[in-house]
Protein chains: 2
Amino acid sequence: MLRYICTMGIVRRTKSVDAILEEFKINSGAISVVSLVDQLSSRFNKTTVYRVLDRLEEDGILHSFLGKTGIKWYAKCSGCSASEHHDVHPHFQCLSCGKVDCLTVNVRIPSIPNRKVEASQILLQGQCEACLV
Amino acid sequence: MLRYICTMGIVRRTKSVDAILEEFKINSGAISVVSLVDQLSSRFNKTTVYRVLDRLEEDGILHSFLGKTGIKWYAKCSGCSASEHHDVHPHFQCLSCGKVDCLTVNVRIPSIPNRKVEASQILLQGQCEACLV
DNA sequence: TTATTAATGCAACTGTGTTGCAAATGTAAA
DNA sequence: TTTACATTTGCAACACAGTTGCATTAATAA
């Protein structure tokens, strides 16, 4: 009974779920919601795209973050589940081609006196492999 | 001839410029544009607030960054000018009281193979001094 | 096959930020 | 002080990302 195991996110395997997961299979990097809505606009309503992405994130299949301009991006999670989310890695946005992806490097956050750091969002920008001349 | 020295940002010392700088004198941390527009709504139009903040940033008096939800925050620069911007420090947002400020710590960004990192935005979240029980 | 309920589409909305333009205001020079 | 004029402002309308309510559609357990 799928619905009891997974009460928060995806319950039914619908065409939109498949289509969105397919996009993340084709594109190994991160995808902005804007481009995803645009890409799928002939087949699905933008509200649907937003809601499916929400549910996939709840299930730990995707994770989201904001790009430089504040728009939302999603990328596949690796090693995450609905209960545990291990994605505190940095993201990298290429200033030439615009491509965004996850970095596997670990950025050490120094301990801050008198504060408790509980989460971090790190966005790096520069030139990606393909754009480095 | 002020207007020739400083062609990009603030040229005239107007009431709105004074009022906004005053807010940053009162509040030592970062201030979100939303709260600033709200705070000053009886005296200035929101467009004016946005434009003055833009100009103060151009002159290197303030710097801006995005909070967790993608809204814009401004904080006073220290050691910056219109030509050189030294603010690549992390920002800290308290999850309890919502206060945001600049951290003086240096986060070392490890070099990423085959990529050139040119900029970084680091937002840390947790408990600030006042909220740490 | 049917009953149930999750998922969808649509339209209208929210919130943040932007633009064009006429009117107001600050400032250099007379 | 007054004048001249570019900068700054307010306003209204817009742009854009994302959300909400609700009736309809479709996936799935039985």
# chains A, B, ... in the order shown; residues from 1 in each chain; ligands from 1
>>> interface_residues(of="chain A", to="chain D", cutoff="9 Å", atoms="only C-alpha atoms (C1' of nucleotides)", output="JSON, numbers by chain")
{"A": [1, 12, 13, 14, 34, 47, 50, 71, 72]}
>>> write_last_selection(atoms="C-alpha atoms", output="compact mmCIF listing (two decimals), in the first residue's frame")
# COMPACT_ATOMS: atom_id res chain seq x y z
CA MET A 1 0.00 0.00 0.00
CA ARG A 12 0.64 7.92 -7.93
CA ARG A 13 2.91 7.40 -10.91
CA THR A 14 1.42 9.86 -13.34
CA VAL A 34 11.39 28.20 -15.22
CA THR A 47 1.04 24.49 -11.51
CA TYR A 50 5.56 23.10 -9.46
CA ILE A 71 14.88 31.56 -9.14
CA LYS A 72 14.45 27.96 -8.09
>>> residues_around(residues="Leu53 (chain A)", least_positions_apart="4", cutoff="9 Å", atoms="only C-alpha atoms (C1' of nucleotides)", output="MDAnalysis selection string")
chainID A and resid 17 20 33 48:49 57:58 62:64 74
>>> write_last_selection(atoms="all heavy atoms", output="compact mmCIF listing (two decimals), in the first residue's frame")
# COMPACT_ATOMS: atom_id res chain seq x y z
N VAL A 17 4.81 13.03 -13.57
CA VAL A 17 5.93 12.55 -12.75
C VAL A 17 6.97 11.89 -13.65
O VAL A 17 8.16 12.20 -13.56
CB VAL A 17 5.45 11.56 -11.67
CG1 VAL A 17 6.62 10.89 -10.98
CG2 VAL A 17 4.57 12.28 -10.65
N ILE A 20 8.82 14.50 -15.84
CA ILE A 20 9.78 15.32 -15.11
C ILE A 20 11.01 14.51 -14.73
O ILE A 20 12.14 14.97 -14.87
CB ILE A 20 9.09 15.98 -13.89
CG1 ILE A 20 8.17 17.10 -14.39
CG2 ILE A 20 10.12 16.52 -12.90
CD1 ILE A 20 7.28 17.71 -13.35
N VAL A 33 13.27 25.69 -12.52
CA VAL A 33 11.83 25.45 -12.66
C VAL A 33 11.30 26.20 -13.88
O VAL A 33 10.49 25.67 -14.63
CB VAL A 33 11.07 25.89 -11.39
CG1 VAL A 33 9.59 25.60 -11.54
CG2 VAL A 33 11.62 25.18 -10.17
N THR A 48 1.11 22.19 -12.20
CA THR A 48 1.43 20.77 -12.07
C THR A 48 2.92 20.56 -11.92
O THR A 48 3.37 19.80 -11.05
CB THR A 48 0.91 20.00 -13.30
OG1 THR A 48 -0.49 20.21 -13.39
CG2 THR A 48 1.21 18.52 -13.18
N VAL A 49 3.69 21.24 -12.73
CA VAL A 49 5.15 21.10 -12.66
C VAL A 49 5.65 21.51 -11.28
O VAL A 49 6.40 20.78 -10.64
CB VAL A 49 5.84 21.93 -13.77
CG1 VAL A 49 7.35 21.86 -13.63
CG2 VAL A 49 5.41 21.44 -15.15
N GLU A 57 10.65 16.49 -4.12
CA GLU A 57 11.58 16.97 -3.10
C GLU A 57 11.22 16.40 -1.72
O GLU A 57 12.11 16.00 -0.97
CB GLU A 57 11.59 18.50 -3.05
CG GLU A 57 12.60 19.03 -2.03
CD GLU A 57 12.88 20.52 -2.19
OE1 GLU A 57 11.96 21.26 -2.60
OE2 GLU A 57 14.03 20.94 -1.92
N GLU A 58 9.95 16.37 -1.42
CA GLU A 58 9.50 15.79 -0.14
C GLU A 58 9.97 14.35 0.01
O GLU A 58 10.28 13.91 1.11
CB GLU A 58 7.97 15.80 -0.07
CG GLU A 58 7.37 17.10 0.40
CD GLU A 58 5.85 16.97 0.54
OE1 GLU A 58 5.41 16.25 1.45
OE2 GLU A 58 5.14 17.57 -0.29
N LEU A 62 14.53 14.68 -5.37
CA LEU A 62 15.17 15.90 -5.86
C LEU A 62 15.47 16.81 -4.68
O LEU A 62 14.87 16.66 -3.62
CB LEU A 62 14.25 16.64 -6.84
CG LEU A 62 13.81 15.95 -8.12
CD1 LEU A 62 12.87 16.86 -8.90
CD2 LEU A 62 15.01 15.57 -8.98
N HIS A 63 16.38 17.74 -4.88
CA HIS A 63 16.55 18.80 -3.89
C HIS A 63 16.55 20.14 -4.64
O HIS A 63 16.85 20.18 -5.82
CB HIS A 63 17.82 18.63 -3.07
CG HIS A 63 19.08 18.75 -3.87
ND1 HIS A 63 19.62 17.70 -4.57
CD2 HIS A 63 19.90 19.79 -4.09
CE1 HIS A 63 20.73 18.09 -5.18
NE2 HIS A 63 20.93 19.37 -4.92
N SER A 64 16.21 21.20 -3.95
CA SER A 64 16.11 22.49 -4.61
C SER A 64 17.03 23.51 -3.96
O SER A 64 17.45 23.35 -2.82
CB SER A 64 14.68 23.00 -4.57
OG SER A 64 14.34 23.36 -3.24
N TYR A 74 16.27 22.71 -9.39
CA TYR A 74 16.17 21.37 -8.80
C TYR A 74 17.27 20.49 -9.37
O TYR A 74 17.67 20.65 -10.53
CB TYR A 74 14.82 20.73 -9.12
CG TYR A 74 13.69 21.19 -8.22
CD1 TYR A 74 12.94 22.32 -8.54
CD2 TYR A 74 13.37 20.50 -7.06
CE1 TYR A 74 11.90 22.74 -7.72
CE2 TYR A 74 12.33 20.92 -6.24
CZ TYR A 74 11.61 22.04 -6.58
OH TYR A 74 10.58 22.45 -5.77
>>> residues_around(residues="region 108-121 of chain B", least_positions_apart="4", cutoff="7 Å", atoms="only C-alpha atoms (C1' of nucleotides)", output="PyMOL selection string")
(chain A and resi 107+122-129) or (chain B and resi 88+90)
>>> write_last_selection(atoms="C-alpha atoms", output="compact mmCIF listing (two decimals), in the first residue's frame")
# COMPACT_ATOMS: atom_id res chain seq x y z
CA VAL A 107 33.20 23.15 1.95
CA ILE A 122 26.63 27.83 -1.02
CA LEU A 123 26.46 29.01 -4.59
CA LEU A 124 29.69 29.31 -6.52
CA GLN A 125 29.95 31.00 -9.88
CA GLY A 126 32.59 31.00 -12.55
CA GLN A 127 33.58 29.07 -15.64
CA CYS A 128 32.64 25.42 -16.09
CA GLU A 129 34.85 22.81 -17.73
CA VAL B 88 32.67 37.94 -0.40
CA PRO B 90 29.17 34.79 4.29
>>> select_by_dssp(residues="chain B", states="strand (DSSP E or B)", output="PyMOL selection string")
chain B and resi 31-32+62-66+72-76+91-94+100-102+116-127
>>> interface_residues(of="chain C", to="chain A", cutoff="8 Å", atoms="only C-alpha atoms (C1' of nucleotides)", output="ChimeraX atom specification")
/C:6-9
>>> write_last_selection(atoms="all heavy atoms", output="PDB file, in the first residue's frame")
ATOM      1  P    DA C   6      -5.874  11.428  -1.015  1.00  0.00           P
ATOM      2  OP1  DA C   6      -5.469  10.831   0.266  1.00  0.00           O
ATOM      3  OP2  DA C   6      -6.472  12.766  -1.064  1.00  0.00           O
ATOM      4  O5'  DA C   6      -4.618  11.402  -1.996  1.00  0.00           O
ATOM      5  C5'  DA C   6      -4.187  10.169  -2.530  1.00  0.00           C
ATOM      6  C4'  DA C   6      -3.699  10.381  -3.945  1.00  0.00           C
ATOM      7  O4'  DA C   6      -4.825  10.606  -4.830  1.00  0.00           O
ATOM      8  C3'  DA C   6      -2.793  11.583  -4.125  1.00  0.00           C
ATOM      9  O3'  DA C   6      -1.772  11.200  -5.018  1.00  0.00           O
ATOM     10  C2'  DA C   6      -3.711  12.655  -4.709  1.00  0.00           C
ATOM     11  C1'  DA C   6      -4.686  11.829  -5.525  1.00  0.00           C
ATOM     12  N9   DA C   6      -6.037  12.381  -5.635  1.00  0.00           N
ATOM     13  C8   DA C   6      -6.852  12.791  -4.619  1.00  0.00           C
ATOM     14  N7   DA C   6      -8.030  13.209  -5.025  1.00  0.00           N
ATOM     15  C5   DA C   6      -7.985  13.062  -6.407  1.00  0.00           C
ATOM     16  C6   DA C   6      -8.931  13.326  -7.425  1.00  0.00           C
ATOM     17  N6   DA C   6     -10.143  13.822  -7.198  1.00  0.00           N
ATOM     18  N1   DA C   6      -8.556  13.073  -8.694  1.00  0.00           N
ATOM     19  C2   DA C   6      -7.341  12.574  -8.929  1.00  0.00           C
ATOM     20  N3   DA C   6      -6.367  12.278  -8.052  1.00  0.00           N
ATOM     21  C4   DA C   6      -6.766  12.550  -6.796  1.00  0.00           C
ATOM     22  P    DA C   7      -0.618  12.202  -5.456  1.00  0.00           P
ATOM     23  OP1  DA C   7       0.556  11.383  -5.834  1.00  0.00           O
ATOM     24  OP2  DA C   7      -0.495  13.258  -4.432  1.00  0.00           O
ATOM     25  O5'  DA C   7      -1.200  12.865  -6.781  1.00  0.00           O
ATOM     26  C5'  DA C   7      -1.397  12.042  -7.918  1.00  0.00           C
ATOM     27  C4'  DA C   7      -1.937  12.885  -9.044  1.00  0.00           C
ATOM     28  O4'  DA C   7      -3.266  13.330  -8.729  1.00  0.00           O
ATOM     29  C3'  DA C   7      -1.119  14.147  -9.352  1.00  0.00           C
ATOM     30  O3'  DA C   7      -0.785  14.075 -10.723  1.00  0.00           O
ATOM     31  C2'  DA C   7      -2.068  15.290  -8.999  1.00  0.00           C
ATOM     32  C1'  DA C   7      -3.429  14.652  -9.200  1.00  0.00           C
ATOM     33  N9   DA C   7      -4.529  15.204  -8.413  1.00  0.00           N
ATOM     34  C8   DA C   7      -4.569  15.415  -7.056  1.00  0.00           C
ATOM     35  N7   DA C   7      -5.717  15.904  -6.629  1.00  0.00           N
ATOM     36  C5   DA C   7      -6.477  16.016  -7.782  1.00  0.00           C
ATOM     37  C6   DA C   7      -7.800  16.459  -8.008  1.00  0.00           C
ATOM     38  N6   DA C   7      -8.605  16.898  -7.040  1.00  0.00           N
ATOM     39  N1   DA C   7      -8.254  16.446  -9.289  1.00  0.00           N
ATOM     40  C2   DA C   7      -7.433  15.998 -10.265  1.00  0.00           C
ATOM     41  N3   DA C   7      -6.181  15.553 -10.176  1.00  0.00           N
ATOM     42  C4   DA C   7      -5.762  15.588  -8.887  1.00  0.00           C
ATOM     43  P    DT C   8      -0.019  15.251 -11.464  1.00  0.00           P
ATOM     44  OP1  DT C   8       0.757  14.643 -12.549  1.00  0.00           O
ATOM     45  OP2  DT C   8       0.610  16.114 -10.451  1.00  0.00           O
ATOM     46  O5'  DT C   8      -1.226  16.054 -12.112  1.00  0.00           O
ATOM     47  C5'  DT C   8      -1.969  15.458 -13.174  1.00  0.00           C
ATOM     48  C4'  DT C   8      -3.043  16.408 -13.645  1.00  0.00           C
ATOM     49  O4'  DT C   8      -3.911  16.715 -12.535  1.00  0.00           O
ATOM     50  C3'  DT C   8      -2.515  17.746 -14.138  1.00  0.00           C
ATOM     51  O3'  DT C   8      -2.707  17.803 -15.537  1.00  0.00           O
ATOM     52  C2'  DT C   8      -3.318  18.799 -13.379  1.00  0.00           C
ATOM     53  C1'  DT C   8      -4.436  17.998 -12.750  1.00  0.00           C
ATOM     54  N1   DT C   8      -4.911  18.458 -11.404  1.00  0.00           N
ATOM     55  C2   DT C   8      -6.201  18.890 -11.279  1.00  0.00           C
ATOM     56  O2   DT C   8      -6.985  18.943 -12.207  1.00  0.00           O
ATOM     57  N3   DT C   8      -6.548  19.273 -10.009  1.00  0.00           N
ATOM     58  C4   DT C   8      -5.756  19.245  -8.873  1.00  0.00           C
ATOM     59  O4   DT C   8      -6.192  19.599  -7.789  1.00  0.00           O
ATOM     60  C5   DT C   8      -4.413  18.783  -9.075  1.00  0.00           C
ATOM     61  C7   DT C   8      -3.455  18.714  -7.920  1.00  0.00           C
ATOM     62  C6   DT C   8      -4.051  18.414 -10.317  1.00  0.00           C
ATOM     63  P    DG C   9      -2.113  19.003 -16.422  1.00  0.00           P
ATOM     64  OP1  DG C   9      -1.882  18.470 -17.778  1.00  0.00           O
ATOM     65  OP2  DG C   9      -1.033  19.651 -15.670  1.00  0.00           O
ATOM     66  O5'  DG C   9      -3.353  19.993 -16.464  1.00  0.00           O
ATOM     67  C5'  DG C   9      -4.598  19.535 -16.956  1.00  0.00           C
ATOM     68  C4'  DG C   9      -5.598  20.674 -16.977  1.00  0.00           C
ATOM     69  O4'  DG C   9      -6.054  20.942 -15.625  1.00  0.00           O
ATOM     70  C3'  DG C   9      -5.068  21.996 -17.523  1.00  0.00           C
ATOM     71  O3'  DG C   9      -6.085  22.530 -18.370  1.00  0.00           O
ATOM     72  C2'  DG C   9      -4.833  22.843 -16.275  1.00  0.00           C
ATOM     73  C1'  DG C   9      -5.869  22.301 -15.299  1.00  0.00           C
ATOM     74  N9   DG C   9      -5.494  22.319 -13.887  1.00  0.00           N
ATOM     75  C8   DG C   9      -4.272  22.009 -13.351  1.00  0.00           C
ATOM     76  N7   DG C   9      -4.247  22.062 -12.039  1.00  0.00           N
ATOM     77  C5   DG C   9      -5.533  22.432 -11.680  1.00  0.00           C
ATOM     78  C6   DG C   9      -6.112  22.645 -10.393  1.00  0.00           C
ATOM     79  O6   DG C   9      -5.587  22.547  -9.282  1.00  0.00           O
ATOM     80  N1   DG C   9      -7.453  23.001 -10.486  1.00  0.00           N
ATOM     81  C2   DG C   9      -8.155  23.131 -11.669  1.00  0.00           C
ATOM     82  N2   DG C   9      -9.435  23.480 -11.560  1.00  0.00           N
ATOM     83  N3   DG C   9      -7.633  22.931 -12.876  1.00  0.00           N
ATOM     84  C4   DG C   9      -6.320  22.586 -12.811  1.00  0.00           C
TER      85       DG C   9
END
>>> atom_distance(atom1="CA of Leu103 (chain B)", atom2="CA of Ala30 (chain B)")
10.8 Å
>>> atom_distance(atom1="CA of Ser35 (chain A)", atom2="CA of Gly67 (chain B)")
22.5 Å
>>> closest_residue(among="B:Gly9, B:Gln39, B:Lys76, B:Ser28", to="Asp54 (chain B)", atoms="only C-alpha atoms")
B:Gly9
>>> select_by_dssp(residues="chain B", states="alpha helix (DSSP H)", output="VMD selection string")
chain B and resid 2 to 5 15 to 26 33 to 39 46 to 58
